[in-house]
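**Student:** Input structure: my_file38.txt, which contains compact mmCIF, C-alpha atoms.
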# COMPACT_ATOMS: atom_id res chain seq x y z
CA MET A 1 0.00 0.00 0.00
CA SER A 2 2.84 2.37 0.84
CA THR A 3 4.41 1.63 -2.56
CA ILE A 4 1.17 2.59 -4.31
CA VAL A 5 0.92 5.79 -2.31
CA ALA A 6 4.54 6.67 -3.08
CA THR A 7 4.06 5.97 -6.79
CA LEU A 8 0.73 7.66 -7.42
CA GLY A 9 0.65 10.29 -4.69
CA THR A 10 -1.81 10.71 -1.86
CA ASP A 11 -4.67 12.24 -3.89
CA ARG A 12 -4.46 9.75 -6.73
CA ALA A 13 -4.20 6.84 -4.33
CA ARG A 14 -7.27 8.10 -2.48
CA ARG A 15 -9.24 8.40 -5.73
CA LEU A 16 -8.08 4.96 -6.83
CA ARG A 17 -9.14 3.46 -3.51
CA ALA A 18 -12.55 5.18 -3.73
CA ALA A 19 -13.05 3.92 -7.30
CA LEU A 20 -12.12 0.34 -6.36
CA THR A 21 -14.44 0.48 -3.35
CA ALA A 22 -17.30 1.80 -5.51
CA LEU A 23 -16.76 -0.98 -8.07
CA LEU A 24 -16.72 -3.62 -5.34
CA VAL A 25 -19.91 -2.26 -3.73
CA ALA A 26 -21.62 -2.06 -7.15
CA ALA A 27 -20.66 -5.66 -7.95
CA VAL A 28 -21.99 -6.90 -4.61
CA ALA A 29 -25.20 -4.86 -4.96
CA VAL A 30 -25.89 -6.17 -8.47
CA GLY A 31 -25.20 -9.80 -7.59
CA ALA A 32 -27.04 -9.86 -4.26
CA PRO A 33 -30.60 -10.60 -5.53
CA PHE A 34 -29.36 -13.63 -7.50
CA TYR A 35 -27.59 -15.12 -4.48
CA PHE A 36 -29.96 -14.55 -1.52
CA ALA A 37 -33.40 -15.96 -0.81
CA PRO A 38 -36.52 -13.88 -1.62
CA PHE A 39 -37.06 -12.78 1.99
CA GLN A 40 -33.43 -11.70 2.30
CA VAL A 41 -33.77 -9.77 -0.95
CA PHE A 42 -36.84 -8.08 0.53
CA GLN A 43 -34.80 -7.08 3.59
CA LEU A 44 -32.08 -5.60 1.38
CA THR A 45 -34.75 -3.68 -0.50
CA MET A 46 -36.05 -2.23 2.75
CA VAL A 47 -32.51 -1.22 3.73
CA LEU A 48 -32.15 0.73 0.49
CA LEU A 49 -35.58 2.26 0.99
CA TYR A 50 -34.86 3.49 4.51
CA ALA A 51 -31.44 4.77 3.43
CA VAL A 52 -33.19 7.41 1.30
CA VAL A 53 -35.28 8.84 4.13
CA LEU A 54 -32.28 8.76 6.47
CA ALA A 55 -30.21 10.62 3.88
CA GLY A 56 -32.81 13.38 3.94
CA LEU A 57 -32.94 13.37 7.72
CA ASN A 58 -29.15 13.59 7.75
CA LEU A 59 -29.32 16.77 5.68
CA LEU A 60 -31.54 18.36 8.30
CA VAL A 61 -30.08 17.01 11.55
CA GLY A 62 -26.51 16.05 10.76
CA PHE A 63 -25.56 18.88 8.40
CA GLY A 64 -28.26 21.46 9.15
CA GLY A 65 -28.05 21.30 12.94
CA GLN A 66 -31.83 21.16 13.38
CA ILE A 67 -33.88 18.33 14.85
CA SER A 68 -37.00 16.58 13.64
CA LEU A 69 -39.11 13.97 15.37
CA GLY A 70 -41.77 14.02 12.66
CA HIS A 71 -40.11 12.58 9.58
CA GLY A 72 -42.41 9.60 9.74
CA ALA A 73 -45.20 12.02 8.76
CA PHE A 74 -43.35 13.12 5.59
CA PHE A 75 -42.69 9.45 4.87
CA ALA A 76 -46.43 8.75 5.24
CA ALA A 77 -47.31 11.69 2.99
CA GLY A 78 -45.20 10.27 0.17
CA ALA A 79 -46.60 6.76 0.69
CA TYR A 80 -50.23 7.92 0.65
CA THR A 81 -49.64 10.14 -2.38
CA ALA A 82 -48.45 7.14 -4.36
CA ALA A 83 -51.21 4.90 -2.99
CA VAL A 84 -54.01 7.35 -3.81
CA MET A 85 -52.69 7.91 -7.32
CA LEU A 86 -52.40 4.17 -7.96
CA ASP A 87 -55.77 3.31 -6.43
CA ARG A 88 -58.00 6.23 -7.41
CA TYR A 89 -56.46 7.37 -10.69
CA ASP A 90 -54.81 4.15 -11.93
CA THR A 91 -51.54 5.85 -12.86
CA GLY A 92 -48.23 4.13 -13.44
CA HIS A 93 -45.84 3.51 -10.60
CA LEU A 94 -43.08 5.72 -11.96
CA ALA A 95 -45.52 8.61 -12.44
CA THR A 96 -46.17 8.73 -8.70
CA LEU A 97 -42.53 9.40 -7.81
CA PRO A 98 -42.18 13.02 -9.02
CA VAL A 99 -45.61 13.92 -7.63
CA ALA A 100 -44.77 12.53 -4.19
CA ALA A 101 -41.37 14.26 -4.23
CA ALA A 102 -42.82 17.63 -5.26
CA GLY A 103 -45.72 17.43 -2.82
CA CYS A 104 -43.46 16.62 0.13
CA PHE A 105 -41.02 19.35 -0.91
CA LEU A 106 -43.82 21.92 -0.72
CA LEU A 107 -45.02 20.43 2.56
CA GLY A 108 -41.50 20.76 3.93
CA LEU A 109 -41.35 24.39 2.81
CA GLY A 110 -44.53 25.15 4.71
CA PHE A 111 -43.39 23.21 7.75
CA GLY A 112 -40.00 24.92 7.71
CA VAL A 113 -41.59 28.20 8.78
CA PRO A 114 -41.66 27.21 12.50
CA ALA A 115 -37.97 26.39 12.21
CA LEU A 116 -37.28 30.10 11.79
CA ARG A 117 -38.41 30.91 15.33
CA LEU A 118 -37.96 27.60 17.15
CA ARG A 119 -34.94 25.50 17.89
CA GLY A 120 -33.83 22.64 20.08
CA LEU A 121 -36.47 20.91 22.16
CA TYR A 122 -39.21 23.34 21.08
CA LEU A 123 -38.71 22.48 17.42
CA ALA A 124 -38.57 18.79 18.31
CA LEU A 125 -41.94 19.03 20.07
CA VAL A 126 -43.55 20.76 17.09
CA THR A 127 -42.31 18.10 14.67
CA LEU A 128 -43.38 15.34 17.05
CA ALA A 129 -46.88 16.85 17.19
CA PHE A 130 -47.01 16.64 13.39
CA ALA A 131 -46.16 12.93 13.54
CA VAL A 132 -48.73 12.31 16.29
CA PHE A 133 -51.78 13.94 14.71
CA LEU A 134 -51.26 12.70 11.12
CA PRO A 135 -52.42 9.05 11.64
CA PRO A 136 -55.78 10.10 13.18
CA LEU A 137 -56.19 12.61 10.35
CA LEU A 138 -55.64 9.85 7.78
CA LYS A 139 -58.33 7.77 9.49
CA ARG A 140 -60.80 10.68 9.27
CA LEU A 141 -60.26 11.11 5.52
CA GLU A 142 -61.79 7.75 4.72
CA PRO A 143 -63.14 8.61 1.22
CA VAL A 144 -59.60 9.37 0.06
CA THR A 145 -57.27 7.35 2.29
CA GLY A 146 -59.46 4.34 3.02
CA GLY A 147 -59.65 5.14 6.72
CA SER A 148 -58.41 2.58 9.21
CA MET A 149 -58.53 -0.16 6.58
CA GLY A 150 -55.96 1.59 4.44
CA LEU A 151 -55.41 1.11 0.72
CA THR A 152 -54.18 -1.96 -1.17
CA VAL A 153 -52.43 -1.32 -4.49
CA ASP A 154 -50.55 -3.37 -7.04
CA LYS A 155 -46.86 -3.97 -6.48
CA LEU A 156 -44.18 -3.49 -9.08
CA GLN A 157 -44.31 -6.22 -11.69
CA PRO A 158 -41.26 -7.22 -13.73
CA PRO A 159 -41.53 -6.84 -17.50
CA ALA A 160 -41.49 -9.99 -19.58
CA TRP A 161 -38.16 -9.19 -21.22
CA SER A 162 -36.32 -9.03 -17.88
CA GLY A 163 -36.81 -12.67 -16.93
CA MET A 164 -36.61 -11.70 -13.23
CA ALA A 165 -38.78 -12.56 -10.29
CA GLU A 166 -40.89 -9.89 -8.63
CA ASP A 167 -38.55 -9.43 -5.67
CA GLN A 168 -35.48 -9.15 -7.92
CA TRP A 169 -37.05 -6.55 -10.20
CA THR A 170 -38.30 -4.51 -7.23
CA TYR A 171 -34.83 -4.64 -5.71
CA PHE A 172 -33.17 -3.24 -8.82
CA VAL A 173 -35.75 -0.45 -9.19
CA VAL A 174 -35.28 0.58 -5.56
CA LEU A 175 -31.51 0.30 -5.96
CA ALA A 176 -31.63 2.75 -8.87
CA VAL A 177 -33.80 5.21 -6.92
CA THR A 178 -31.51 4.95 -3.89
CA ALA A 179 -28.35 5.47 -5.94
CA VAL A 180 -29.77 8.59 -7.58
CA SER A 181 -31.02 9.93 -4.24
CA LEU A 182 -27.69 9.41 -2.45
CA LEU A 183 -25.82 10.98 -5.36
CA LEU A 184 -28.18 13.97 -5.23
CA ALA A 185 -27.61 14.32 -1.48
CA ARG A 186 -23.84 14.14 -1.97
CA ASN A 187 -23.83 16.79 -4.70
CA LEU A 188 -26.19 18.97 -2.68
CA LEU A 189 -23.81 18.93 0.29
CA ARG A 190 -20.90 19.91 -1.98
CA SER A 191 -22.83 22.80 -3.47
CA ARG A 192 -23.36 26.30 -2.12
CA VAL A 193 -26.48 25.14 -0.30
CA GLY A 194 -24.55 22.46 1.56
CA ARG A 195 -21.80 24.86 2.59
CA ALA A 196 -24.42 27.30 3.82
CA LEU A 197 -26.07 24.55 5.91
CA LEU A 198 -22.74 23.72 7.52
CA ALA A 199 -22.11 27.38 8.27
CA VAL A 200 -25.55 27.76 9.87
CA ARG A 201 -25.01 24.61 11.93
CA ASP A 202 -21.61 25.69 13.25
CA ASN A 203 -22.38 29.34 14.03
CA GLU A 204 -25.52 31.16 12.97
CA SER A 205 -24.18 34.61 13.83
CA ALA A 206 -20.99 34.12 11.85
CA ALA A 207 -22.93 32.67 8.92
CA GLU A 208 -25.26 35.67 8.87
CA VAL A 209 -22.30 38.05 8.91
CA MET A 210 -20.86 36.21 5.92
CA GLY A 211 -24.07 36.80 3.96
CA VAL A 212 -25.93 33.52 4.51
CA ARG A 213 -29.70 33.99 4.66
CA LEU A 214 -30.72 31.98 7.70
CA SER A 215 -34.45 31.95 6.97
CA LEU A 216 -33.96 30.70 3.42
CA HIS A 217 -31.54 27.90 4.19
CA LYS A 218 -33.36 26.69 7.29
CA THR A 219 -36.55 26.40 5.28
CA LEU A 220 -34.75 24.73 2.39
CA ALA A 221 -33.23 22.21 4.79
CA PHE A 222 -36.72 21.09 5.82
CA ALA A 223 -37.89 21.09 2.21
CA TRP A 224 -35.03 18.94 0.88
CA SER A 225 -35.29 16.60 3.82
CA ALA A 226 -39.04 16.18 3.28
CA LEU A 227 -38.43 15.52 -0.42
CA PHE A 228 -36.18 12.55 0.36
CA ALA A 229 -38.72 11.27 2.87
CA GLY A 230 -41.50 11.55 0.27
CA VAL A 231 -39.45 9.62 -2.30
CA SER A 232 -38.79 6.90 0.26
CA GLY A 233 -42.46 6.72 1.22
CA CYS A 234 -43.48 6.43 -2.44
CA VAL A 235 -41.07 3.55 -2.97
CA TYR A 236 -42.41 1.96 0.22
CA THR A 237 -45.85 1.78 -1.40
CA TRP A 238 -44.33 0.12 -4.46
CA VAL A 239 -42.62 -2.52 -2.33
CA ILE A 240 -45.32 -3.29 0.27
CA GLY A 241 -48.42 -2.66 -1.83
CA PHE A 242 -50.43 -1.58 1.22
CA VAL A 243 -50.64 1.53 3.38
CA SER A 244 -52.60 2.18 6.58
CA PRO A 245 -52.44 4.90 9.27
CA ASP A 246 -51.14 2.45 11.88
CA SER A 247 -48.02 1.83 9.77
CA PHE A 248 -46.89 5.44 10.25
CA SER A 249 -47.20 6.10 13.97
CA PHE A 250 -44.86 8.47 15.79
CA VAL A 251 -42.75 5.42 16.73
CA LEU A 252 -41.56 5.37 13.13
CA SER A 253 -40.17 8.90 13.49
CA ILE A 254 -38.32 7.96 16.68
CA THR A 255 -36.94 4.84 15.02
CA LEU A 256 -35.69 6.81 12.03
CA LEU A 257 -33.90 9.33 14.22
CA ALA A 258 -32.38 6.54 16.32
CA GLY A 259 -31.21 4.78 13.17
CA LEU A 260 -29.52 7.93 11.91
CA VAL A 261 -27.73 8.53 15.22
CA VAL A 262 -26.57 4.92 15.37
CA GLY A 263 -25.43 5.02 11.74
CA GLY A 264 -23.56 8.28 12.19
CA LEU A 265 -24.59 11.93 11.95
CA ALA A 266 -23.04 14.14 9.27
CA SER A 267 -21.66 11.12 7.43
CA LEU A 268 -22.31 10.07 3.85
CA TYR A 269 -22.30 6.39 4.85
CA GLY A 270 -24.30 6.89 8.04
CA PRO A 271 -27.75 6.56 6.36
CA LEU A 272 -26.87 3.17 4.87
CA LEU A 273 -25.54 1.83 8.15
CA GLY A 274 -28.49 3.28 10.05
CA ALA A 275 -30.96 1.75 7.59
CA ALA A 276 -29.36 -1.66 8.06
CA PHE A 277 -29.67 -1.20 11.82
CA VAL A 278 -33.37 -0.25 11.52
CA VAL A 279 -34.16 -3.30 9.37
CA TYR A 280 -32.05 -6.07 10.88
CA VAL A 281 -31.80 -5.26 14.59
CA PRO A 282 -35.58 -5.58 15.32
CA SER A 283 -35.48 -9.03 13.70
CA VAL A 284 -32.54 -10.00 15.88
CA ALA A 285 -34.32 -8.62 18.95
CA GLN A 286 -37.41 -10.68 18.06
CA ASP A 287 -35.29 -13.83 17.80
CA ILE A 288 -33.61 -13.14 21.14
CA SER A 289 -36.80 -12.45 23.08
CA GLU A 290 -40.27 -12.85 21.62
CA ALA A 291 -41.83 -11.55 24.84
CA ALA A 292 -39.99 -8.24 24.99
CA PRO A 293 -38.32 -7.39 21.67
CA GLY A 294 -38.51 -3.67 22.41
CA VAL A 295 -36.36 -4.08 25.52
CA VAL A 296 -33.72 -5.97 23.58
CA PHE A 297 -33.83 -3.38 20.81
CA GLY A 298 -33.25 -0.58 23.32
CA LEU A 299 -30.39 -2.44 24.98
CA LEU A 300 -28.75 -3.01 21.60
CA ILE A 301 -28.97 0.72 20.86
CA ILE A 302 -27.31 1.49 24.19
CA ALA A 303 -24.58 -1.07 23.52
CA VAL A 304 -23.84 0.33 20.05
CA MET A 305 -23.71 3.90 21.31
CA PHE A 306 -21.39 2.85 24.14
CA VAL A 307 -18.98 1.18 21.72
CA ALA A 308 -19.33 3.80 18.97
CA PRO A 309 -20.35 7.20 20.38
CA THR A 310 -20.06 8.82 16.95
CA GLY A 311 -22.05 6.08 15.23
CA LEU A 312 -21.10 3.07 13.17
CA ALA A 313 -19.60 5.28 10.48
CA GLY A 314 -17.30 6.88 13.04
CA LEU A 315 -16.33 3.44 14.36
CA ALA A 316 -15.41 2.33 10.86
CA GLY A 317 -13.28 5.46 10.45
CA ARG A 318 -11.49 4.80 13.73
CA VAL A 319 -10.77 1.17 12.77
CA ARG A 320 -9.47 2.30 9.38
CA GLY A 321 -7.24 4.92 11.01
CA THR A 322 -5.86 2.39 13.50
CA ALA A 323 -5.10 -0.06 10.70
CA ALA A 324 -3.37 2.67 8.70
CA ARG A 325 -1.20 3.65 11.67
CA ARG A 326 -0.18 0.06 12.27
CA LEU A 327 0.63 -0.32 8.59
CA ILE A 328 2.87 2.74 8.75
CA ARG A 329 4.62 1.37 11.84
CA THR A 330 5.30 -1.93 10.15
CA THR A 331 6.62 -0.33 6.97
CA THR A 332 8.79 2.32 8.72
CA PRO A 333 12.29 1.06 9.76
CA ASP A 334 13.05 1.35 13.46
CA ALA A 335 16.23 2.41 15.13
CA ASP A 336 16.98 -1.22 15.97
CA ASP A 337 16.94 -2.03 12.28
CA ASP A 338 19.56 0.65 11.69
CA ARG A 339 21.81 -0.87 14.33
CA THR A 340 21.53 -4.35 12.93
CA SER A 341 22.24 -3.14 9.40
CA GLY A 342 25.90 -2.46 10.32
CA SER A 343 25.84 1.32 10.44
CA GLU A 344 27.31 3.05 13.46
CA PRO A 345 24.75 4.86 15.60
CA SER A 346 25.31 8.54 15.83
CA ALA A 347 26.71 9.90 19.08
CA PRO A 348 24.07 11.36 21.33
CA LEU A 349 24.06 15.05 21.72
CA THR A 350 24.94 16.08 25.29
CA PRO A 351 24.04 19.49 26.59
CA ALA A 352 26.80 21.83 27.58
CA ASP A 353 27.99 21.67 31.18
CA PRO A 354 26.11 24.16 33.30
CA ALA A 355 28.04 26.96 34.86
CA PRO A 356 28.97 26.40 38.50
CA VAL A 357 26.79 28.08 41.00
CA ASP A 358 29.62 30.12 42.53
CA ALA A 359 31.00 31.30 39.21
CA GLU A 360 31.41 35.04 39.01
CA PRO A 361 29.94 36.92 36.07
CA VAL A 362 32.31 38.49 33.62
CA GLY A 363 33.38 42.02 34.60
CA ALA A 364 32.14 41.74 38.18
CA PRO A 365 34.26 43.29 40.94
CA PRO A 366 36.33 40.87 43.00
CA ARG A 367 34.69 39.47 46.09
CA PRO A 368 36.15 40.40 49.44
CA GLU A 369 38.01 37.54 51.01
CA LYS A 370 36.61 36.14 54.20
CA GLU A 371 38.82 36.43 57.25
Go through the file and emit its structure as structure tokens.

**Tutor:**
Amino acid sequence: MSTIVATLGTDRARRLRAALTALLVAAVAVGAPFYFAPFQVFQLTMVLLYAVVLAGLNLLVGFGGQISLGHGAFFAAGAYTAAVMLDRYDTGHLATLPVAAAGCFLLGLGFGVPALRLRGLYLALVTLAFAVFLPPLLKRLEPVTGGSMGLTVDKLQPPAWSGMAEDQWTYFVVLAVTAVSLLLARNLLRSRVGRALLAVRDNESAAEVMGVRLSLHKTLAFAWSALFAGVSGCVYTWVIGFVSPDSFSFVLSITLLAGLVVGGLASLYGPLLGAAFVVYVPSVAQDISEAAPGVVFGLLIIAVMFVAPTGLAGLAGRVRGTAARRLIRTTTPDADDDRTSGSEPSAPLTPADPAPVDAEPVGAPPRPEKE
């Protein structure tokens, strides 16, 4: 590895490593549905689905410095938009995606207004209230939403030319949507909007002095975050084929925020790791204790946060840094190696002898002799 770095340079070696990692991840992602069982493919699909909503939540919480306990409501808005369009208007599945994204973007713009005057726990309570009152509202709108019974729609069906099963085709469609969404989030963070969000998160006063419009970027943070949640909710309808108010309780919002914190705030890989935690850990908790899976789930969250306070993404970074330091130690010759190679060790440098305490300064008058 050190030879590659010395030959190509640090920047080129980093780009080469990133390209090789991306190729490896792409190869694994493409081959996964042909290797795993249908239920395991479904779990991978749900991981990709939740990664989109967590990427949007990461824009708001991790990079924007705001907090939201109501992202399950935006997720539900996107899911019901797709379900209503498929059930009432018999539109195509792909046609529901831009409508759900645009509708949730506008909903996020309107909901971002309280963010201008509220912050911290007060903003968290307002967003939590949004997540609490939405399920009863969906039950009241029975002519449109189906009430407590919900809506059942057709799932994605593979075309005849693909030769794939339903779970495999759904996986690849969701994989494409997730890849585009994560790429959009990455480019958004590297743009002027992303730099403004970071400036607002670090110091609002300094950002305002530098010309950043706080009201605009705070509102846009909610809007972009709601857009990703709406896209994820729309894809959820494609995958499950059923929506009901009980599927989007406020517990979903808490679970999403916990998944993001466990995955790693302000990290590009945190949403993927957090989505895997949200999907797989409840299943593990159910296998450990069928009587109290929630207790096991909570204990697992505490254990992960104790081991990795900065999230799983931060833990991976620390492990990678430790491995790199050990690699440098093994490739760097020690002083013992120099001695065994036959070369004479250099003489140690000794400091000059200190002046005696009774020494007289230069030019001082002679001391009187003691009788």

**Student:** Show me, as a list of chain:residue names, the residues that have an atom within 9 Å of Val177 in chain A when counting all atoms listed in the file, minus same-chain residues fewer than 6 positions from it.

**Tutor:**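 Selected residues are A:Leu48, A:Leu49, A:Val52, A:Val231, A:Ser232, A:Val235.
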
**Student:** Write out as an NGL selection string the residues lying within 10 Å of Leu94 in chain A, counting all atoms listed in the file and excluding same-chain residues fewer than 2 positions away.

**Tutor:** :A and (82 or 91-92 or 96-99 or 156 or 173 or 234-235 or 238)

**Student:** Which of these residues is nearest to Val251 in chain A, using all atoms listed in the file: A:Ser162, A:Gln66, A:Tyr80, A:Gly294?

**Tutor:**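 The closest residue to Val251 in chain A is A:Gly294.
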
**Student:** Can you tell me which residues surround Phe242 in chain A at a distance of at most 7 Å, considering all atoms listed in the file, apart from same-chain residues fewer than 4 positions away, and format the answer as number ranges by chain?

**Tutor:** A: 151-153, 237

**Student:** Taking 3 positions as the minimum chain separation for residues in the same chain, which residues sit within 10 Å of Gly120 in chain A when counting only C-alpha atoms? Answer as number ranges by chain.

**Tutor:** A: 65-68, 115, 123-125

**Student:** With distances taken over all atoms listed in the file, which of A:Arg195, A:Arg201, A:Lys218, A:Lys155 is nearest to Tyr236 in chain A?

**Tutor:** A:Lys155

**Student:** Mind pulling up the distance from CA of Ser215 in chain A to CA of Leu198 in chain A?

**Tutor:**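 Here the two named atoms are 14.3 Å from each other.
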